[in-house]
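Novice: This is the content of protein09.txt (compact mmCIF, C-alpha atoms (C1' of nucleotides)):
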# COMPACT_ATOMS: atom_id res chain seq x y z
CA MET I 1 15.51 5.97 -20.60
CA ASP I 2 18.91 4.50 -21.53
CA ILE I 3 22.11 3.77 -19.64
CA VAL I 4 23.85 6.88 -20.99
CA LYS I 5 21.23 9.24 -19.64
CA ILE I 6 21.12 7.43 -16.32
CA GLU I 7 24.90 7.62 -15.88
CA GLU I 8 24.67 11.32 -16.70
CA ILE I 9 22.13 11.83 -13.93
CA PHE I 10 24.33 9.88 -11.53
CA LYS I 11 27.34 12.01 -12.34
CA LYS I 12 25.39 15.25 -11.98
CA SER I 13 24.06 14.19 -8.58
CA GLY I 14 27.43 12.94 -7.35
CA LEU I 15 26.12 9.37 -7.03
CA LYS I 16 28.71 6.61 -7.23
CA LEU I 17 28.31 3.95 -9.90
CA THR I 18 28.82 0.85 -7.81
CA VAL I 19 28.66 -2.70 -9.17
CA GLN I 20 25.34 -3.17 -7.42
CA ARG I 21 23.85 -0.05 -8.95
CA LYS I 22 25.02 -1.06 -12.41
CA ALA I 23 23.37 -4.45 -11.92
CA ILE I 24 20.09 -2.89 -10.75
CA ILE I 25 20.02 -0.49 -13.68
CA GLU I 26 20.74 -3.32 -16.13
CA VAL I 27 17.79 -5.25 -14.73
CA LEU I 28 15.50 -2.25 -15.06
CA ILE I 29 16.60 -1.66 -18.64
CA ASN I 30 16.20 -5.33 -19.55
CA PHE I 31 12.65 -5.25 -18.28
CA ASN I 32 11.76 -1.90 -19.76
CA GLY I 33 8.02 -1.75 -20.32
CA HIS I 34 7.25 -4.13 -17.46
CA VAL I 35 6.63 -3.37 -13.83
CA LEU I 36 8.69 -5.27 -11.28
CA THR I 37 8.39 -5.67 -7.53
CA ALA I 38 11.37 -4.97 -5.32
CA GLU I 39 11.71 -8.71 -4.82
CA GLN I 40 11.81 -9.43 -8.54
CA ILE I 41 14.44 -6.75 -8.97
CA TYR I 42 16.34 -8.22 -6.03
CA LYS I 43 16.39 -11.73 -7.49
CA LYS I 44 17.37 -10.61 -10.98
CA THR I 45 20.05 -8.32 -9.61
CA LYS I 46 21.50 -11.20 -7.61
CA GLU I 47 21.90 -13.13 -10.85
CA LYS I 48 24.30 -10.42 -11.97
CA HIS I 49 25.88 -9.64 -8.60
CA PRO I 50 25.08 -12.44 -6.15
CA THR I 51 26.04 -10.70 -2.91
CA THR I 52 23.64 -7.80 -3.42
CA ASN I 53 21.51 -7.20 -0.35
CA PHE I 54 17.80 -6.49 -0.21
CA SER I 55 18.35 -3.25 1.66
CA THR I 56 20.65 -2.09 -1.13
CA ILE I 57 17.81 -2.68 -3.56
CA TYR I 58 15.38 -0.63 -1.52
CA ARG I 59 17.85 2.16 -0.88
CA ASN I 60 18.62 2.43 -4.57
CA LEU I 61 15.04 2.18 -5.74
CA GLU I 62 14.34 5.17 -3.53
CA ILE I 63 17.26 7.09 -5.01
CA LEU I 64 16.28 6.13 -8.55
CA GLU I 65 12.74 7.26 -7.91
CA SER I 66 13.69 10.65 -6.53
CA SER I 67 16.08 11.09 -9.45
CA ASN I 68 13.11 10.50 -11.76
CA ILE I 69 14.75 7.48 -13.33
CA ILE I 70 12.05 5.07 -12.25
CA HIS I 71 8.36 5.24 -11.41
CA LYS I 72 7.00 3.67 -8.27
CA ILE I 73 3.50 2.26 -8.60
CA THR I 74 1.48 1.17 -5.59
CA MET I 75 -1.59 -0.93 -6.15
CA LYS I 76 -4.15 -1.54 -3.44
CA GLY I 77 -2.22 -2.98 -0.55
CA GLU I 78 0.14 -4.97 -2.72
CA ALA I 79 3.89 -4.65 -2.81
CA ALA I 80 5.10 -1.58 -4.71
CA LYS I 81 6.10 -1.99 -8.32
CA TYR I 82 8.80 -0.17 -10.21
CA GLN I 83 9.58 0.58 -13.83
CA LEU I 84 11.88 2.77 -15.90
CA VAL I 85 10.59 6.23 -16.76
CA ASN I 86 10.08 6.48 -20.51
CA ASP I 87 10.54 10.18 -20.99
CA ASP I 88 9.81 13.31 -19.03
CA LYS I 89 6.13 13.41 -19.86
CA HIS I 90 3.34 12.93 -17.39
CA TYR I 91 1.33 9.78 -18.07
CA HIS I 92 -0.56 6.92 -16.53
CA HIS I 93 -0.60 3.19 -17.09
CA PHE I 94 -2.57 0.17 -17.90
CA ILE I 95 -0.94 -2.65 -15.95
CA CYS I 96 -1.47 -6.33 -16.71
CA LYS I 97 -2.05 -8.27 -13.52
CA ASP I 98 -0.76 -11.43 -15.13
CA CYS I 99 2.48 -10.62 -16.94
CA GLY I 100 3.20 -7.24 -15.36
CA LYS I 101 3.47 -5.53 -18.72
CA SER I 102 2.47 -1.92 -18.55
CA GLU I 103 1.24 0.27 -21.32
CA ILE I 104 1.23 4.01 -21.22
CA ILE I 105 -2.13 5.70 -21.39
CA ASP I 106 -1.59 9.09 -22.85
CA PHE I 107 -4.51 10.56 -20.99
CA CYS I 108 -4.67 12.30 -17.68
CA PRO I 109 -8.12 12.76 -16.16
CA LEU I 110 -7.01 15.95 -14.45
CA ARG I 111 -7.26 17.83 -17.73
CA SER I 112 -11.00 17.23 -17.81
CA LEU I 113 -11.35 18.23 -14.18
CA SER I 114 -9.36 21.41 -13.86
CA THR I 115 -12.33 23.76 -13.93
CA GLU I 116 -14.30 21.76 -11.38
CA LEU I 117 -11.32 21.64 -9.05
CA LYS I 118 -10.70 25.36 -9.29
CA ARG I 119 -14.31 26.08 -8.51
CA LYS I 120 -14.09 23.96 -5.36
CA ASN I 121 -10.86 25.58 -4.25
CA PHE I 122 -8.97 22.36 -3.84
CA VAL I 123 -5.19 22.42 -3.76
CA LEU I 124 -4.08 19.27 -5.52
CA THR I 125 -0.80 17.74 -4.41
CA ASP I 126 -1.05 14.21 -5.66
CA HIS I 127 -3.20 11.95 -7.75
CA CYS I 128 -3.48 8.35 -8.69
CA PHE I 129 -4.88 6.95 -11.90
CA GLU I 130 -4.02 3.42 -12.86
CA LEU I 131 -5.90 0.76 -14.73
CA TYR I 132 -5.51 -2.92 -13.97
CA GLY I 133 -6.62 -5.96 -15.88
CA TYR I 134 -5.38 -8.36 -18.50
CA CYS I 135 -3.58 -7.44 -21.68
CA ASN I 136 -4.45 -8.94 -25.04
CA ASN I 137 -2.00 -11.82 -24.61
CA CYS I 138 -2.84 -12.82 -21.07
CA LYS I 139 -6.55 -12.50 -21.65
CA ASP I 140 -6.23 -15.08 -24.43
CA ASN I 141 -4.18 -17.42 -22.25
CA LYS I 142 -6.90 -17.27 -19.63
CA SER I 143 -9.68 -18.13 -22.03
CA GLU I 144 -7.84 -21.28 -23.15
CA VAL I 145 -7.95 -22.71 -19.64
CA MET E 1 -25.69 4.55 3.94
CA ASP E 2 -27.70 4.37 7.18
CA ILE E 3 -27.92 1.92 10.06
CA VAL E 4 -31.18 0.41 8.79
CA LYS E 5 -29.72 -0.57 5.45
CA ILE E 6 -26.57 -1.91 7.08
CA GLU E 7 -28.54 -4.09 9.50
CA GLU E 8 -30.51 -5.37 6.54
CA ILE E 9 -27.32 -6.41 4.77
CA PHE E 10 -26.09 -8.09 7.95
CA LYS E 11 -29.28 -10.07 8.30
CA LYS E 12 -29.26 -11.12 4.66
CA SER E 13 -25.67 -12.33 4.93
CA GLY E 14 -26.26 -14.10 8.23
CA LEU E 15 -23.80 -11.83 10.02
CA LYS E 16 -24.28 -11.41 13.75
CA LEU E 17 -24.82 -7.95 15.13
CA THR E 18 -22.34 -7.99 18.00
CA VAL E 19 -21.73 -5.07 20.34
CA GLN E 20 -18.37 -4.52 18.69
CA ARG E 21 -19.88 -4.40 15.24
CA LYS E 22 -22.55 -1.96 16.36
CA ALA E 23 -19.83 0.27 17.80
CA ILE E 24 -17.76 0.15 14.62
CA ILE E 25 -20.77 0.96 12.46
CA GLU E 26 -21.70 3.85 14.76
CA VAL E 27 -18.21 5.28 14.37
CA LEU E 28 -18.36 4.97 10.61
CA ILE E 29 -21.75 6.69 10.50
CA ASN E 30 -20.61 9.46 12.83
CA PHE E 31 -17.68 10.19 10.55
CA ASN E 32 -19.61 9.87 7.33
CA GLY E 33 -17.88 11.94 4.66
CA HIS E 34 -14.46 11.53 6.21
CA VAL E 35 -11.88 8.85 5.62
CA LEU E 36 -10.50 7.08 8.69
CA THR E 37 -7.55 4.78 9.22
CA ALA E 38 -8.04 1.45 10.96
CA GLU E 39 -6.31 2.93 13.99
CA GLN E 40 -8.67 5.90 14.16
CA ILE E 41 -11.62 3.55 13.90
CA TYR E 42 -10.07 1.38 16.59
CA LYS E 43 -9.64 4.25 19.04
CA LYS E 44 -13.10 5.67 18.46
CA THR E 45 -14.68 2.23 18.73
CA LYS E 46 -12.92 1.67 22.05
CA GLU E 47 -14.60 4.81 23.37
CA LYS E 48 -17.91 3.05 22.83
CA HIS E 49 -16.82 -0.47 23.69
CA PRO E 50 -13.48 -0.35 25.52
CA THR E 51 -12.48 -4.00 25.25
CA THR E 52 -12.66 -4.09 21.45
CA ASN E 53 -9.55 -5.58 19.94
CA PHE E 54 -7.59 -4.34 16.96
CA SER E 55 -7.96 -7.65 15.15
CA THR E 56 -11.72 -7.37 15.52
CA ILE E 57 -11.51 -4.00 13.77
CA TYR E 58 -9.54 -5.41 10.86
CA ARG E 59 -11.70 -8.49 10.54
CA ASN E 60 -14.83 -6.39 10.43
CA LEU E 61 -13.46 -3.76 8.09
CA GLU E 62 -12.76 -6.56 5.66
CA ILE E 63 -16.30 -7.91 6.03
CA LEU E 64 -17.80 -4.44 5.68
CA GLU E 65 -15.78 -3.85 2.56
CA SER E 66 -16.78 -7.07 0.85
CA SER E 67 -20.39 -6.33 1.80
CA ASN E 68 -20.03 -3.01 -0.02
CA ILE E 69 -20.81 -1.05 3.14
CA ILE E 70 -17.48 0.73 3.23
CA HIS E 71 -14.81 1.77 0.74
CA LYS E 72 -11.17 0.97 1.34
CA ILE E 73 -8.78 3.58 -0.01
CA THR E 74 -5.06 2.96 -0.21
CA MET E 75 -2.75 5.86 -0.84
CA LYS E 76 0.89 5.37 -1.78
CA GLY E 77 2.41 3.28 0.97
CA GLU E 78 0.33 4.81 3.72
CA ALA E 79 -2.07 2.98 5.99
CA ALA E 80 -5.38 2.13 4.34
CA LYS E 81 -8.31 4.45 4.89
CA TYR E 82 -11.97 3.57 5.15
CA GLN E 83 -15.26 5.35 4.70
CA LEU E 84 -18.95 4.60 4.39
CA VAL E 85 -20.28 4.02 0.91
CA ASN E 86 -22.74 6.79 0.06
CA ASP E 87 -25.00 4.98 -2.36
CA ASP E 88 -24.61 2.34 -4.99
CA LYS E 89 -23.16 4.66 -7.60
CA HIS E 90 -19.65 4.44 -8.90
CA TYR E 91 -17.57 7.46 -8.02
CA HIS E 92 -14.14 8.73 -7.03
CA HIS E 93 -12.83 11.08 -4.38
CA PHE E 94 -10.90 14.13 -3.60
CA ILE E 95 -9.29 13.44 -0.23
CA CYS E 96 -7.87 16.14 2.03
CA LYS E 97 -4.51 15.06 3.40
CA ASP E 98 -4.96 17.29 6.43
CA CYS E 99 -8.46 16.73 7.82
CA GLY E 100 -9.30 13.51 5.98
CA LYS E 101 -12.49 14.93 4.57
CA SER E 102 -13.37 13.40 1.26
CA GLU E 103 -15.50 14.84 -1.45
CA ILE E 104 -17.08 12.82 -4.18
CA ILE E 105 -15.98 13.58 -7.69
CA ASP E 106 -18.80 12.64 -9.97
CA PHE E 107 -16.48 11.87 -12.83
CA CYS E 108 -14.92 8.63 -13.85
CA PRO E 109 -12.06 8.82 -16.35
CA LEU E 110 -13.00 5.43 -17.76
CA ARG E 111 -15.89 6.99 -19.64
CA SER E 112 -13.48 9.02 -21.72
CA LEU E 113 -11.28 6.01 -22.31
CA SER E 114 -13.66 3.24 -23.25
CA THR E 115 -13.02 3.42 -26.97
CA GLU E 116 -9.24 3.45 -26.59
CA LEU E 117 -9.38 0.48 -24.24
CA LYS E 118 -11.56 -1.55 -26.56
CA ARG E 119 -9.22 -0.88 -29.42
CA LYS E 120 -6.30 -2.19 -27.40
CA ASN E 121 -8.19 -5.27 -26.31
CA PHE E 122 -7.57 -4.75 -22.62
CA VAL E 123 -9.78 -6.52 -20.13
CA LEU E 124 -10.20 -4.12 -17.25
CA THR E 125 -10.69 -5.60 -13.81
CA ASP E 126 -9.81 -2.74 -11.53
CA HIS E 127 -8.93 0.89 -11.57
CA CYS E 128 -7.80 3.58 -9.23
CA PHE E 129 -8.53 7.27 -9.49
CA GLU E 130 -8.10 9.39 -6.42
CA LEU E 131 -7.07 13.00 -5.94
CA TYR E 132 -5.13 14.16 -2.90
CA GLY E 133 -4.44 17.63 -1.62
CA TYR E 134 -5.88 20.24 0.70
CA CYS E 135 -9.49 21.28 0.91
CA ASN E 136 -10.59 24.88 1.08
CA ASN E 137 -10.45 24.96 4.89
CA CYS E 138 -7.14 23.27 5.43
CA LYS E 139 -5.48 25.18 2.64
CA ASP E 140 -6.37 28.39 4.47
CA ASN E 141 -5.08 27.07 7.79
CA LYS E 142 -1.79 26.30 6.15
CA SER E 143 -1.36 29.76 4.69
CA GLU E 144 -1.81 31.34 8.12
CA VAL E 145 1.27 29.56 9.45
C1' DT A 1 -27.27 -25.20 21.25
C1' DT A 2 -24.77 -24.10 17.55
C1' DT A 3 -21.78 -21.46 14.87
C1' DG A 4 -19.77 -17.57 14.02
C1' DG A 5 -17.29 -13.72 16.53
C1' DT A 6 -13.92 -12.23 19.80
C1' DG A 7 -9.52 -11.32 22.51
C1' DC A 8 -4.99 -12.41 22.86
C1' DA A 9 -0.53 -13.09 21.35
C1' DA A 10 2.33 -14.13 17.90
C1' DA A 11 3.70 -14.03 13.28
C1' DG A 12 3.35 -12.19 8.67
C1' DC A 13 4.78 -9.04 5.02
C1' DG A 14 7.09 -5.38 2.79
C1' DT A 15 10.08 -2.01 4.02
C1' DT A 16 13.41 0.83 6.78
C1' DT A 17 17.33 1.68 9.79
C1' DG A 18 21.79 1.66 12.77
C1' DC A 19 26.11 0.27 12.53
C1' DA A 20 30.62 -1.14 11.10
C1' DC A 21 33.05 -2.08 7.13
C1' DC A 22 34.08 -1.24 2.16
C1' DC A 23 35.15 0.83 -2.24
C1' DG A 24 34.47 4.46 -6.05
C1' DC A 25 36.13 8.78 -6.98
C1' DG F 1 41.92 9.19 1.98
C1' DC F 2 37.35 10.74 2.22
C1' DG F 3 32.54 10.19 2.13
C1' DG F 4 29.13 7.93 0.28
C1' DG F 5 27.52 2.95 -0.39
C1' DT F 6 27.04 -1.67 1.30
C1' DG F 7 25.87 -6.01 4.05
C1' DC F 8 24.00 -7.58 8.01
C1' DA F 9 20.68 -8.00 11.39
C1' DA F 10 17.29 -6.15 13.74
C1' DA F 11 13.24 -3.39 13.98
C1' DC F 12 9.53 -1.05 11.83
C1' DG F 13 4.34 -0.30 10.80
C1' DC F 14 0.39 -2.25 9.25
C1' DT F 15 -2.10 -6.22 8.92
C1' DT F 16 -3.25 -11.20 9.41
C1' DT F 17 -3.78 -15.56 11.81
C1' DG F 18 -4.28 -19.73 15.19
C1' DC F 19 -6.35 -20.81 19.09
C1' DA F 20 -9.40 -21.13 22.97
C1' DC F 21 -13.21 -18.91 24.82
C1' DC F 22 -17.69 -16.34 24.32
C1' DA F 23 -22.15 -14.78 23.08
C1' DA F 24 -25.79 -13.78 19.25
C1' DA F 25 -29.30 -16.23 16.98
Using structure tokens, write down the structure from this file.

Specialist:
Amino acid sequence: MDIVKIEEIFKKSGLKLTVQRKAIIEVLINFNGHVLTAEQIYKKTKEKHPTTNFSTIYRNLEILESSNIIHKITMKGEAAKYQLVNDDKHYHHFICKDCGKSEIIDFCPLRSLSTELKRKNFVLTDHCFELYGYCNNCKDNKSEV
Amino acid sequence: MDIVKIEEIFKKSGLKLTVQRKAIIEVLINFNGHVLTAEQIYKKTKEKHPTTNFSTIYRNLEILESSNIIHKITMKGEAAKYQLVNDDKHYHHFICKDCGKSEIIDFCPLRSLSTELKRKNFVLTDHCFELYGYCNNCKDNKSEV
DNA sequence: TTTGGTGCAAAGCGTTTGCACCCGC
DNA sequence: GCGGGTGCAAACGCTTTGCACCAAA
């Protein structure tokens, strides 16, 4: 997702384009393809607009998420991680625990399960499928140690 | 998993079988097949042993988890949920957001992905696959409202 | 008797919120 | 100028921890 599309969404929703929001969006775009914690986003945003507050970060991450501009990923008990949405498709991720890089896995397990779920009469509202580990680069770094 | 096997594991690991631990295990066995939050486990344990402290619950849930006696499930931002391990097989769950009942889904998406992952040279360390929604019962209750 | 387990209270962490002020539109 | 956005500080919910006492083995 690029700045033009994001500004479009903001305009449509009547959201103001404040300096802080511009800074946050810039950070997210710069780190496209990586997942970032709220704290990382906070620190990098402060580099661009030093007076930005942590609560501003959280408030905007929430807005960005419900505007489908970013994904929020929550891994077992850890702090939530955020990343730009790539397009409007449904997908899952492989996330590197070392460098935070995430790679889209164009596979959703629900497809293979739909018949079983129907048979059991479940109403699905939500699902989680994420893979964690080390990417090709970080794996190699580890083995050198 | 039954009390006999759990006591075996405790003995092997040199863990003491305190009154509090017995109470916690009883609760977990009574609610086998359901997922419980730490708070629910706390309240129900207090019914059996009223002076049990919340920190005792957390400390023991951690021990039980690393002894592979219980599963810890963390759903987007919510409090963690716990349940007895059924056997030593790897599986995932459908979890009802209303009654907390969980049903084992004997399907792991990793099987369908192994070739793709190898090709990409990922080293997998962890994965999450959980389905959330309403079970047959709770779905019906909802529609009556 | 020894060592690990407990209760208590306090702090930790990530996140959210109430309020007064501020600034984009 | 209006109404949404911000900074600040305080509180939130869940969880963890340090310490002195206690009780299972």

Novice: If I take CA of His34 (chain E) and CA of Ile95 (chain E), how far is one from the other in Å, to one decimal?

Specialist: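 It comes out at 8.5 Å.
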
Novice: Identify, on the basis of all atoms listed in the file, every residue whose closest approach to region 48-58 of chain E does not exceed 10 Å; exclude the query and any residue fewer than 6 positions from it along the same chain; express the result as a list in words.

Specialist: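 My reading of the contact set: Val19, Gln20, Arg21, Lys22, Ala23, Ile24, Glu26, Val27, Ala38, Glu39, Ile41, Tyr42 and Leu64 of chain E; DG5, DT6, DG7 and DC8 of chain A; DT15, DT16 and DT17 of chain F.
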
Novice: CA of Asp98 (chain I) to CA of Arg59 (chain E): how many Å, to one decimal?

Specialist: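 These two atoms are separated by 28.1 Å.
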
Novice: Nearest residue to chain A out of I:Thr125, I:Asn30, I:Thr45, I:Thr37, using all atoms listed in the file?

Specialist: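 Of all the options, I:Thr37 lies closest to chain A.
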
Novice: Please identify every residue of chain E that has at least one atom no more than 10 Å from any atom of chain I, counting all atoms listed in the file, and report them as an MDAnalysis selection string.

Specialist: chainID E and resid 72:80 94:97 105 107:110 112:113 116:117 120:139

Novice: Please, could you write that set of residues out with C-alpha atoms as a compact mmCIF listing (two decimals), keeping the file's coordinate frame?

Specialist:
# COMPACT_ATOMS: atom_id res chain seq x y z
CA LYS E 72 -11.17 0.97 1.34
CA ILE E 73 -8.78 3.58 -0.01
CA THR E 74 -5.06 2.96 -0.21
CA MET E 75 -2.75 5.86 -0.84
CA LYS E 76 0.89 5.37 -1.78
CA GLY E 77 2.41 3.28 0.97
CA GLU E 78 0.33 4.81 3.72
CA ALA E 79 -2.07 2.98 5.99
CA ALA E 80 -5.38 2.13 4.34
CA PHE E 94 -10.90 14.13 -3.60
CA ILE E 95 -9.29 13.44 -0.23
CA CYS E 96 -7.87 16.14 2.03
CA LYS E 97 -4.51 15.06 3.40
CA ILE E 105 -15.98 13.58 -7.69
CA PHE E 107 -16.48 11.87 -12.83
CA CYS E 108 -14.92 8.63 -13.85
CA PRO E 109 -12.06 8.82 -16.35
CA LEU E 110 -13.00 5.43 -17.76
CA SER E 112 -13.48 9.02 -21.72
CA LEU E 113 -11.28 6.01 -22.31
CA GLU E 116 -9.24 3.45 -26.59
CA LEU E 117 -9.38 0.48 -24.24
CA LYS E 120 -6.30 -2.19 -27.40
CA ASN E 121 -8.19 -5.27 -26.31
CA PHE E 122 -7.57 -4.75 -22.62
CA VAL E 123 -9.78 -6.52 -20.13
CA LEU E 124 -10.20 -4.12 -17.25
CA THR E 125 -10.69 -5.60 -13.81
CA ASP E 126 -9.81 -2.74 -11.53
CA HIS E 127 -8.93 0.89 -11.57
CA CYS E 128 -7.80 3.58 -9.23
CA PHE E 129 -8.53 7.27 -9.49
CA GLU E 130 -8.10 9.39 -6.42
CA LEU E 131 -7.07 13.00 -5.94
CA TYR E 132 -5.13 14.16 -2.90
CA GLY E 133 -4.44 17.63 -1.62
CA TYR E 134 -5.88 20.24 0.70
CA CYS E 135 -9.49 21.28 0.91
CA ASN E 136 -10.59 24.88 1.08
CA ASN E 137 -10.45 24.96 4.89
CA CYS E 138 -7.14 23.27 5.43
CA LYS E 139 -5.48 25.18 2.64
